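Below is one structure; the comments refer to it alone.
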Amino acid sequence: MDSEETLYRSIAERMASAHDDVSEGRMMSRPAIQYKSKVFAFYRKQQMVFKLGVDYAPEDDGIDTWSPLAPFKTKPPLKGWYQIPPQYEARWPELAERAMQHIAAEVDGGG
């Protein structure tokens, strides 16, 4: 297991133990973190992927290197999903919390 995956796993375990509605799951056959069965973050190709919403601008958070999640060769990227590379791994826990808040607002608040 690489250091990035180890970090991902520690984030997932910490969030699942800190929040009753958070658990570990799968997204695209990858390990994921979910809120009430809705995935908000997962680990893919040594990066973490977060659902932060279409209004999120990584550059506003000082994240200059990122990519949209585009898992399908013939389809456009998934809206609101951001792949954040390991150079920003210190930010991964904060982004995971923000993604959880985003998905909780969607699930609980209908927004």
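Convention: chains lettered A, B, ... in structure tokens order; per-chain residue numbering from 1; ligands numbered from 1 as shown.
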
Practice prompt. Compile the contact shell of Val54 (chain A) as a list in words: residues with an atom at most 9 Å away, counting only C-alpha atoms, same-chain residues fewer than 3 positions apart removed.
Written response: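 Counting only the stated atoms, we get Lys51, Ala57, Lys79, Gly80 and Trp81 of chain A.
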
Using only C-alpha atoms, what does the table of region 54-103 of chain A residues within 10 Å of region 13-26 of chain A look like, with each row giving the shortest atom pair and its distance in Å to one decimal, sorted by chain and ascending number, as a tab-separated table?
residue	atom	partner	partner_atom	distance
A:Pro93	CA	A:Met15	CA	9.0
A:Ala96	CA	A:Met15	CA	8.6
A:Glu97	CA	A:Met15	CA	8.1
A:Met100	CA	A:Val22	CA	8.5

Worksheet item: What residues in region 4-99 of chain A get the DSSP label alpha helix (DSSP H)? Please answer as a PyMOL selection string.
Response: chain A and resi 4-18+92-99

Item to complete: Could you check which of A:Ala70, A:Ile63, A:Ile103, A:Ala32 is closest to Met48 (chain A), using only C-alpha atoms?
Response: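 Checking each of A:Ala70, A:Ile63, A:Ile103, A:Ala32 against Met48 (chain A), counting only C-alpha atoms, the winner is A:Ala32.
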
Discussion item. I'd like the neighbourhood of Met28 (chain A) as a PyMOL selection string, where a residue qualifies if any of its atoms comes within 12 Å (using only C-alpha atoms), though same-chain residues fewer than 3 positions away should be ignored.
Written reply: chain A and resi 25+31-32+39+41-45+49+69-72

What would the file look like if the residues just selected were written as a PDB file, in the first residue's frame with C-alpha atoms?
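Result file is result_14.pdb:
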ATOM      1  CA  GLY A  25     -18.020   1.990   0.692  1.00  0.00           C
ATOM      2  CA  PRO A  31     -12.494   2.503  -1.780  1.00  0.00           C
ATOM      3  CA  ALA A  32     -14.840   5.357  -0.930  1.00  0.00           C
ATOM      4  CA  VAL A  39     -20.288   8.751  -1.882  1.00  0.00           C
ATOM      5  CA  ALA A  41     -14.859  11.067  -1.616  1.00  0.00           C
ATOM      6  CA  PHE A  42     -12.808   8.169  -2.909  1.00  0.00           C
ATOM      7  CA  TYR A  43      -9.294   7.064  -3.684  1.00  0.00           C
ATOM      8  CA  ARG A  44      -8.251   6.652  -7.334  1.00  0.00           C
ATOM      9  CA  LYS A  45      -4.824   6.423  -8.967  1.00  0.00           C
ATOM     10  CA  VAL A  49     -11.471  12.527  -5.548  1.00  0.00           C
ATOM     11  CA  LEU A  69     -13.197  13.361 -12.679  1.00  0.00           C
ATOM     12  CA  ALA A  70     -13.454  11.902 -16.169  1.00  0.00           C
ATOM     13  CA  PRO A  71     -13.635   8.115 -15.770  1.00  0.00           C
ATOM     14  CA  PHE A  72     -15.249   7.424 -19.147  1.00  0.00           C
TER      15      PHE A  72
END

Worksheet entry | Which of chain A DSSP labels strand (DSSP E), written as number ranges by chain | A: 22-27, 30-35, 38-44, 47-51, 67-68, 81-84
